[in-house]
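J.: Enclosed is the structure file my_file23.tsv (TSV, C-alpha atoms).
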chain	number	residue	atom	x	y	z
A	12	MET	CA	8.12	-69.68	-61.28
A	13	ARG	CA	8.78	-68.85	-57.65
A	14	SER	CA	12.53	-69.44	-58.16
A	15	LEU	CA	12.55	-67.18	-61.23
A	16	ALA	CA	10.76	-64.41	-59.32
A	17	LEU	CA	13.30	-64.62	-56.49
A	18	LEU	CA	16.19	-64.45	-58.98
A	19	LEU	CA	14.75	-61.37	-60.69
A	20	ALA	CA	14.21	-59.69	-57.34
A	21	ALA	CA	17.85	-60.31	-56.41
A	22	LEU	CA	19.15	-58.91	-59.71
A	23	ALA	CA	16.93	-55.78	-59.67
A	24	PRO	CA	19.25	-53.67	-57.43
A	25	LEU	CA	22.23	-54.53	-59.64
A	26	ALA	CA	20.39	-53.46	-62.79
A	27	ALA	CA	19.26	-50.23	-61.17
A	28	SER	CA	22.81	-49.37	-60.14
A	29	ALA	CA	24.10	-50.07	-63.68
A	30	GLU	CA	21.46	-47.83	-65.24
A	31	ASP	CA	21.76	-45.07	-62.63
A	32	PRO	CA	25.47	-44.47	-61.94
A	33	LYS	CA	26.44	-42.12	-59.15
A	34	PRO	CA	25.86	-38.59	-60.44
A	35	ALA	CA	28.93	-36.43	-61.01
A	36	GLU	CA	29.49	-33.69	-58.45
A	37	TRP	CA	30.95	-30.22	-58.70
A	38	LYS	CA	34.30	-29.75	-56.96
A	39	GLY	CA	36.04	-26.44	-56.38
A	40	THR	CA	37.10	-23.63	-54.08
A	41	VAL	CA	35.88	-20.19	-53.04
A	42	GLY	CA	38.37	-17.70	-51.61
A	43	ALA	CA	38.65	-14.11	-50.43
A	44	GLY	CA	41.29	-11.72	-49.11
A	45	LEU	CA	41.07	-8.31	-47.44
A	46	ILE	CA	43.70	-5.67	-46.62
A	47	VAL	CA	42.72	-2.66	-44.49
A	48	LEU	CA	45.27	0.02	-43.53
A	49	THR	CA	44.43	2.94	-41.24
A	50	GLY	CA	46.36	5.71	-39.51
A	51	ASN	CA	49.03	7.31	-41.67
A	52	SER	CA	47.45	5.56	-44.64
A	53	ASP	CA	43.81	4.78	-45.34
A	54	THR	CA	43.55	1.92	-47.85
A	55	THR	CA	41.12	-0.92	-48.35
A	56	THR	CA	41.67	-3.69	-50.92
A	57	PHE	CA	39.42	-6.70	-51.42
A	58	THR	CA	40.18	-9.72	-53.62
A	59	GLY	CA	38.06	-12.74	-54.35
A	60	GLY	CA	38.05	-15.81	-56.55
A	61	ALA	CA	36.27	-19.06	-57.21
A	62	ALA	CA	36.87	-22.14	-59.35
A	63	ALA	CA	34.81	-25.27	-59.95
A	64	SER	CA	34.87	-28.33	-62.21
A	65	ARG	CA	32.67	-31.33	-62.99
A	66	GLU	CA	33.56	-34.47	-64.98
A	67	THR	CA	31.05	-36.88	-66.43
A	68	LEU	CA	30.96	-39.34	-69.36
A	69	GLY	CA	34.27	-38.10	-70.79
A	70	TRP	CA	33.35	-34.41	-70.57
A	71	ILE	CA	34.94	-31.91	-68.17
A	72	MET	CA	33.23	-28.59	-67.48
A	73	SER	CA	35.17	-25.99	-65.51
A	74	THR	CA	34.63	-22.38	-64.59
A	75	LYS	CA	36.58	-19.74	-62.71
A	76	ALA	CA	36.08	-16.16	-61.66
A	77	ALA	CA	38.24	-13.56	-59.94
A	78	GLY	CA	38.08	-9.89	-59.04
A	79	ALA	CA	39.65	-7.11	-57.01
A	80	TYR	CA	38.54	-3.75	-55.66
A	81	GLY	CA	40.70	-1.20	-53.87
A	82	ARG	CA	40.35	2.38	-52.59
A	83	THR	CA	42.83	4.70	-50.92
A	84	ARG	CA	42.45	8.09	-49.23
A	85	GLN	CA	45.10	10.61	-48.27
A	86	PRO	CA	45.71	11.06	-44.51
A	87	GLY	CA	43.44	13.70	-42.96
A	88	GLY	CA	40.51	12.96	-45.27
A	89	GLY	CA	40.82	16.18	-47.24
A	90	ALA	CA	41.27	14.67	-50.69
A	91	ALA	CA	38.75	12.46	-52.46
A	92	ALA	CA	39.30	8.70	-52.35
A	93	THR	CA	41.14	7.15	-55.31
A	94	THR	CA	40.35	3.81	-56.88
A	95	THR	CA	43.46	1.65	-56.94
A	96	ALA	CA	41.91	-1.61	-58.24
A	97	LEU	CA	38.72	-2.46	-60.10
A	98	ASN	CA	38.94	-5.60	-62.20
A	99	GLY	CA	37.23	-8.90	-62.77
A	100	ALA	CA	37.30	-11.96	-64.98
A	101	PHE	CA	34.99	-14.90	-65.72
A	102	GLN	CA	35.78	-17.95	-67.83
A	103	LEU	CA	33.87	-21.10	-68.79
A	104	ARG	CA	35.64	-24.10	-70.36
A	105	LEU	CA	34.45	-27.43	-71.79
A	106	ASP	CA	36.90	-30.30	-72.46
A	107	ARG	CA	36.25	-33.58	-74.29
A	108	LYS	CA	38.63	-36.36	-73.23
A	109	LEU	CA	40.39	-38.37	-75.95
A	110	GLY	CA	42.02	-41.07	-73.86
A	111	GLU	CA	43.98	-40.56	-70.66
A	112	ILE	CA	46.22	-37.72	-71.89
A	113	TRP	CA	44.58	-35.70	-74.66
A	114	THR	CA	41.53	-33.46	-74.71
A	115	VAL	CA	40.04	-30.91	-77.08
A	116	TYR	CA	38.44	-27.85	-75.55
A	117	ALA	CA	36.40	-24.71	-76.14
A	118	LEU	CA	36.31	-21.76	-73.78
A	119	GLY	CA	34.79	-18.33	-73.54
A	120	GLY	CA	35.00	-15.48	-71.10
A	121	LEU	CA	34.81	-11.82	-70.23
A	122	GLU	CA	37.34	-9.59	-68.46
A	123	PHE	CA	37.61	-5.93	-67.42
A	124	ASP	CA	40.16	-3.72	-65.69
A	125	HIS	CA	39.04	-0.12	-65.36
A	126	VAL	CA	42.28	1.13	-63.78
A	127	ALA	CA	44.15	-0.19	-66.85
A	128	ALA	CA	41.51	1.47	-69.12
A	129	VAL	CA	40.10	-1.90	-70.27
A	130	GLU	CA	36.33	-1.37	-70.35
A	131	TYR	CA	35.81	-5.02	-71.29
A	132	ARG	CA	37.63	-7.79	-73.16
A	133	THR	CA	35.74	-10.69	-74.74
A	134	LEU	CA	37.47	-13.96	-75.53
A	135	ALA	CA	36.69	-17.23	-77.30
A	136	GLU	CA	39.15	-20.06	-77.87
A	137	LEU	CA	39.42	-23.52	-79.44
A	138	GLY	CA	42.35	-25.83	-78.87
A	139	GLY	CA	43.87	-29.04	-77.59
A	140	SER	CA	45.30	-29.99	-74.22
A	141	ALA	CA	47.67	-32.69	-72.92
A	142	GLN	CA	47.99	-33.92	-69.34
A	143	TRP	CA	51.69	-34.79	-69.52
A	144	ILE	CA	52.18	-35.55	-65.82
A	145	ASP	CA	49.66	-36.86	-63.30
A	146	VAL	CA	51.26	-38.41	-60.22
A	147	LYS	CA	49.16	-39.21	-57.15
A	148	GLU	CA	50.16	-40.56	-53.77
A	149	ALA	CA	47.32	-42.21	-51.87
A	150	ASP	CA	44.54	-39.60	-51.81
A	151	TRP	CA	46.54	-36.47	-52.75
A	152	GLN	CA	48.11	-35.01	-55.89
A	153	LYS	CA	51.92	-35.08	-55.91
A	154	VAL	CA	52.74	-33.61	-59.36
A	155	ALA	CA	50.56	-32.54	-62.29
A	156	LEU	CA	51.31	-30.73	-65.53
A	157	ARG	CA	48.84	-29.78	-68.26
A	158	VAL	CA	49.74	-27.90	-71.44
A	159	ASP	CA	47.25	-26.08	-73.71
A	160	LEU	CA	47.68	-24.96	-77.30
A	161	GLY	CA	44.83	-23.01	-78.84
A	162	LEU	CA	43.71	-20.12	-81.02
A	163	ARG	CA	42.00	-17.20	-79.29
A	164	TYR	CA	39.84	-14.41	-80.65
A	165	GLY	CA	38.75	-11.40	-78.65
A	166	TYR	CA	37.95	-7.72	-78.71
A	167	GLU	CA	39.16	-5.16	-76.18
A	168	ALA	CA	37.10	-2.01	-75.68
A	169	ARG	CA	39.04	0.74	-73.94
A	170	ARG	CA	37.92	3.73	-71.87
A	171	ALA	CA	39.83	6.13	-69.61
A	172	TYR	CA	38.02	6.06	-66.26
A	173	TYR	CA	40.62	7.94	-64.20
A	174	GLY	CA	42.94	10.84	-64.88
A	175	THR	CA	42.43	14.15	-66.69
A	176	ALA	CA	41.45	12.91	-70.18
A	177	LEU	CA	38.34	10.77	-69.65
A	178	GLY	CA	36.28	8.96	-72.26
A	179	ALA	CA	36.44	6.27	-74.93
A	180	LEU	CA	39.77	5.18	-76.43
A	181	PRO	CA	40.48	3.23	-79.64
A	182	GLY	CA	39.75	-0.48	-79.15
A	183	ALA	CA	41.89	-3.43	-80.20
A	184	GLU	CA	41.07	-6.74	-81.88
A	185	LEU	CA	42.87	-9.82	-80.61
A	186	VAL	CA	43.68	-12.89	-82.73
A	187	ALA	CA	46.48	-14.95	-81.23
A	188	PRO	CA	47.77	-18.46	-80.69
A	189	ARG	CA	47.81	-19.27	-76.98
A	190	LEU	CA	50.27	-21.44	-75.10
A	191	GLY	CA	49.21	-22.17	-71.55
A	192	LEU	CA	50.24	-24.43	-68.70
A	193	ALA	CA	48.86	-25.49	-65.36
A	194	PHE	CA	51.35	-26.99	-62.89
A	195	ARG	CA	50.94	-28.36	-59.38
A	196	TYR	CA	53.53	-29.74	-56.95
A	197	GLY	CA	52.65	-31.15	-53.57
A	198	PHE	CA	55.36	-30.95	-50.91
A	199	SER	CA	52.95	-32.96	-48.76
A	200	LYS	CA	49.20	-33.47	-48.51
A	201	GLU	CA	48.96	-30.20	-46.54
A	202	VAL	CA	51.35	-27.92	-48.50
A	203	PHE	CA	51.34	-27.45	-52.28
A	204	PHE	CA	52.39	-25.02	-55.01
A	205	THR	CA	50.40	-24.16	-58.14
A	206	GLU	CA	51.28	-22.17	-61.25
A	207	GLU	CA	49.03	-21.08	-64.11
A	208	ALA	CA	50.69	-19.22	-66.99
A	209	GLU	CA	49.87	-18.22	-70.56
A	210	VAL	CA	51.41	-16.26	-73.42
A	211	LEU	CA	49.59	-14.87	-76.47
A	212	PRO	CA	51.65	-13.38	-79.35
A	213	THR	CA	49.01	-11.64	-81.45
A	214	VAL	CA	48.77	-11.88	-85.23
A	215	SER	CA	46.07	-9.20	-85.49
A	216	ASP	CA	48.33	-6.53	-83.95
A	217	SER	CA	51.87	-7.41	-84.98
A	218	GLY	CA	54.32	-7.06	-82.10
A	219	ARG	CA	51.75	-7.11	-79.28
A	220	VAL	CA	52.23	-9.90	-76.74
A	221	LEU	CA	50.07	-10.62	-73.71
A	222	ALA	CA	51.35	-12.80	-70.87
A	223	LYS	CA	50.04	-13.76	-67.45
A	224	SER	CA	51.40	-15.77	-64.52
A	225	VAL	CA	49.56	-16.74	-61.33
A	226	SER	CA	51.75	-18.44	-58.71
A	227	LYS	CA	50.37	-19.62	-55.36
A	228	LEU	CA	51.69	-21.44	-52.31
A	229	SER	CA	48.95	-22.95	-50.15
A	230	SER	CA	48.75	-24.71	-46.80
A	231	ARG	CA	45.77	-26.66	-45.47
A	232	LEU	CA	44.31	-25.45	-42.19
A	233	GLY	CA	41.64	-28.14	-42.15
A	234	ALA	CA	39.90	-30.71	-44.31
A	235	ALA	CA	38.39	-28.04	-46.59
A	236	VAL	CA	40.16	-24.79	-45.61
A	237	THR	CA	43.48	-23.54	-47.00
A	238	LEU	CA	45.54	-20.38	-46.54
A	239	GLY	CA	47.46	-19.28	-49.61
A	240	VAL	CA	49.83	-16.55	-50.75
A	241	GLY	CA	49.62	-15.69	-54.45
A	242	TYR	CA	51.66	-13.55	-56.81
A	243	THR	CA	50.17	-12.43	-60.14
A	244	VAL	CA	52.00	-10.81	-63.05
A	245	VAL	CA	50.12	-9.43	-66.09
A	246	HIS	CA	52.13	-8.04	-69.01
A	247	ASP	CA	50.91	-6.31	-72.18
A	248	THR	CA	53.48	-4.93	-74.61
A	249	ARG	CA	50.89	-2.49	-76.05
A	250	PRO	CA	48.51	-1.36	-73.29
A	251	ALA	CA	46.10	1.57	-73.53
A	252	GLU	CA	47.74	4.97	-73.95
A	253	GLY	CA	49.39	6.22	-70.78
A	254	LYS	CA	49.22	2.87	-68.96
A	255	GLU	CA	52.06	0.70	-67.64
A	256	LYS	CA	52.97	-2.50	-69.46
A	257	THR	CA	53.21	-4.67	-66.34
A	258	ASP	CA	50.88	-5.08	-63.36
A	259	THR	CA	51.73	-7.20	-60.32
A	260	ALA	CA	49.72	-8.23	-57.28
A	261	LEU	CA	50.70	-10.00	-54.07
A	262	ALA	CA	47.76	-11.29	-52.04
A	263	ALA	CA	46.86	-13.68	-49.23
A	264	LEU	CA	43.70	-15.75	-49.69
A	265	LEU	CA	41.63	-17.88	-47.36
A	266	GLU	CA	39.92	-20.59	-49.44
A	267	VAL	CA	37.17	-23.07	-48.70
A	268	GLY	CA	36.78	-26.22	-50.80
A	269	PHE	CA	33.57	-28.03	-51.68
Take the structure in the file and give it back as structure tokens.

T.:
Amino acid sequence: MRSLALLLAALAPLAASAEDPKPAEWKGTVGAGLIVLTGNSDTTTFTGGAAASRETLGWIMSTKAAGAYGRTRQPGGGAAATTTALNGAFQLRLDRKLGEIWTVYALGGLEFDHVAAVEYRTLAELGGSAQWIDVKEADWQKVALRVDLGLRYGYEARRAYYGTALGALPGAELVAPRLGLAFRYGFSKEVFFTEEAEVLPTVSDSGRVLAKSVSKLSSRLGAAVTLGVGYTVVHDTRPAEGKEKTDTALAALLEVGF
């Protein structure tokens, strides 16, 4: 009996570790950028973003958010300040892994861009994803490529916030297949390039196409701190009345990982 008790005592830690695996942890980044011009021009622009993901038991939950706010004032301070940027986006995604390459996913989110007369845009999507390339060297990612194919539904409420004709504008329903990709290339452990792009040819509004590209080159300044330069292009073939079809943004971001 004494031998049996000693054996059970020795096996107890192993059983506990099998029943209580190490809990999954959130991993992600938080970043911000600021541009302030004074003197002959008086402009302030703030950008921010965050992304996080958690994988456990074959499920991957990820979320991301981004926003920008900008104001400019004519030299001398005589004229009222003008809003040059006021937008934000939030997205939550849940993937279920089907082996090493394939996943199925569902996502939802909310976006707005008051300068582009988008009061809000809701979105919901179901689809499948494939991790075609996943190359690692030691403890860093060399090359990665993921492709999404899904069906998105959303509604875009429009309102003119700036200009002479203010007020509500006709909204637009969005039903569209979505092709998206996420690409990463590491020149080294410290320097890497990322690209996120998507295109949505709508079937609810024949001829309307939405496309977005976010390119970023980042360099590590420390174990958890990176400095990046990003270029964003957003294109809508049928924007709100009086608005441009293409918006671009060039920004520098200081990011902290966790």

J.: Just the residues within 6 Å of Tyr131 in chain A, please, counting only C-alpha atoms, with nothing from its chain fewer than 6 positions along; format it as a list in words.

T.: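 Near neighbours after the sequence-gap exclusion: Glu122, Phe123, Glu167 and Ala168 of chain A.
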
J.: Rank nothing, just name the residue among A:Glu111, A:Glu130, A:Glu201, A:Asp145 nearest to Gly182 in chain A, using only C-alpha atoms.

T.: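 Once distances to Gly182 in chain A are computed over only C-alpha atoms, the minimum belongs to A:Glu130.
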
J.: Could you name the residues that touch Arg82 in chain A at 8 Å or less, counting all atoms listed in the file, but leaving out those on the same chain fewer than 2 positions away, as a PyMOL selection string?

T.: chain A and resi 54-56+80+84+92-96

J.: Please report as a Markdown table every residue of range 150-186 of chain A lying within 10 Å of range 204-210 of chain A, along with the nearest atom pair and their distance in Å (one decimal), using only C-alpha atoms.

T.:
| residue | atom | partner | partner_atom | distance |
| --- | --- | --- | --- | --- |
| A:Val154 | CA | A:Phe204 | CA | 9.6 |
| A:Ala155 | CA | A:Thr205 | CA | 9.4 |
| A:Leu156 | CA | A:Glu206 | CA | 9.6 |
| A:Arg157 | CA | A:Glu207 | CA | 9.6 |
| A:Val158 | CA | A:Glu209 | CA | 9.7 |
| A:Asp159 | CA | A:Glu209 | CA | 8.9 |
| A:Leu160 | CA | A:Glu209 | CA | 9.8 |

J.: Any idea what the distance is between CA of Asp150 in chain A and CA of Ala77 in chain A?

T.: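 We find that CA of Asp150 in chain A and CA of Ala77 in chain A lie 28.0 Å from each other.
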
J.: Find the residues with any atom within 8 Å of (43.7, -19.3, -53.9); use all atoms listed in the file and the coordinates as given in the file, and write the answer as a PDB file with C-alpha atoms, keeping the file's coordinate frame.

T.:
ATOM      1  CA  THR A  40      37.100 -23.630 -54.080  1.00  0.00           C
ATOM      2  CA  VAL A  41      35.880 -20.190 -53.040  1.00  0.00           C
ATOM      3  CA  GLY A  42      38.370 -17.700 -51.610  1.00  0.00           C
ATOM      4  CA  GLY A  60      38.050 -15.810 -56.550  1.00  0.00           C
ATOM      5  CA  LYS A 227      50.370 -19.620 -55.360  1.00  0.00           C
ATOM      6  CA  SER A 229      48.950 -22.950 -50.150  1.00  0.00           C
ATOM      7  CA  LEU A 238      45.540 -20.380 -46.540  1.00  0.00           C
ATOM      8  CA  GLY A 239      47.460 -19.280 -49.610  1.00  0.00           C
ATOM      9  CA  VAL A 240      49.830 -16.550 -50.750  1.00  0.00           C
ATOM     10  CA  GLY A 241      49.620 -15.690 -54.450  1.00  0.00           C
ATOM     11  CA  ALA A 263      46.860 -13.680 -49.230  1.00  0.00           C
ATOM     12  CA  LEU A 264      43.700 -15.750 -49.690  1.00  0.00           C
ATOM     13  CA  LEU A 265      41.630 -17.880 -47.360  1.00  0.00           C
ATOM     14  CA  GLU A 266      39.920 -20.590 -49.440  1.00  0.00           C
TER      15      GLU A 266
END

J.: Rank A:Thr175, A:Ser226, A:Thr237, A:Thr133 by their smallest atom-to-atom distance to Thr259 in chain A, using all atoms listed in the file, and report the top residue only.

T.: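 The answer is A:Ser226, which sits nearest to Thr259 in chain A.
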
J.: With distances taken over only C-alpha atoms, which of A:Gly268, A:Gly78, A:Gly110, A:Gly191 is nearest to Leu162 in chain A?

T.: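 With only C-alpha atoms as the atom set, the closest residue is A:Gly191.
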
J.: For CA of Thr49 in chain A and CA of Leu228 in chain A, quote the distance in Å rounded to one decimal.

T.: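 Separation of CA of Thr49 in chain A and CA of Leu228 in chain A: 27.7 Å.
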
J.: Measuring between all atoms listed in the file, which one of A:Glu255, A:Val245, A:Tyr173, A:Tyr164 shows the shortest distance to Ser215 in chain A?

T.: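 Smallest separation from Ser215 in chain A among the options: A:Tyr164.
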
J.: In terms of the shortest atom-to-atom distance over only C-alpha atoms, which of A:Gly197, A:Gly138, A:Gly59, A:Pro188 is closest to Pro212 in chain A?

T.: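 Under the stated criterion, the closest residue is A:Pro188.
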
J.: Set the distance at 10 Å and use all atoms listed in the file: which residues neighbour Trp37 in chain A once local chain neighbours fewer than 6 positions away are removed? I'd like the list as a list in words.

T.: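 Residues meeting the cut-off are Ala63, Ser64, Arg65, Glu66, Met72, Ser73 and Phe269 of chain A.
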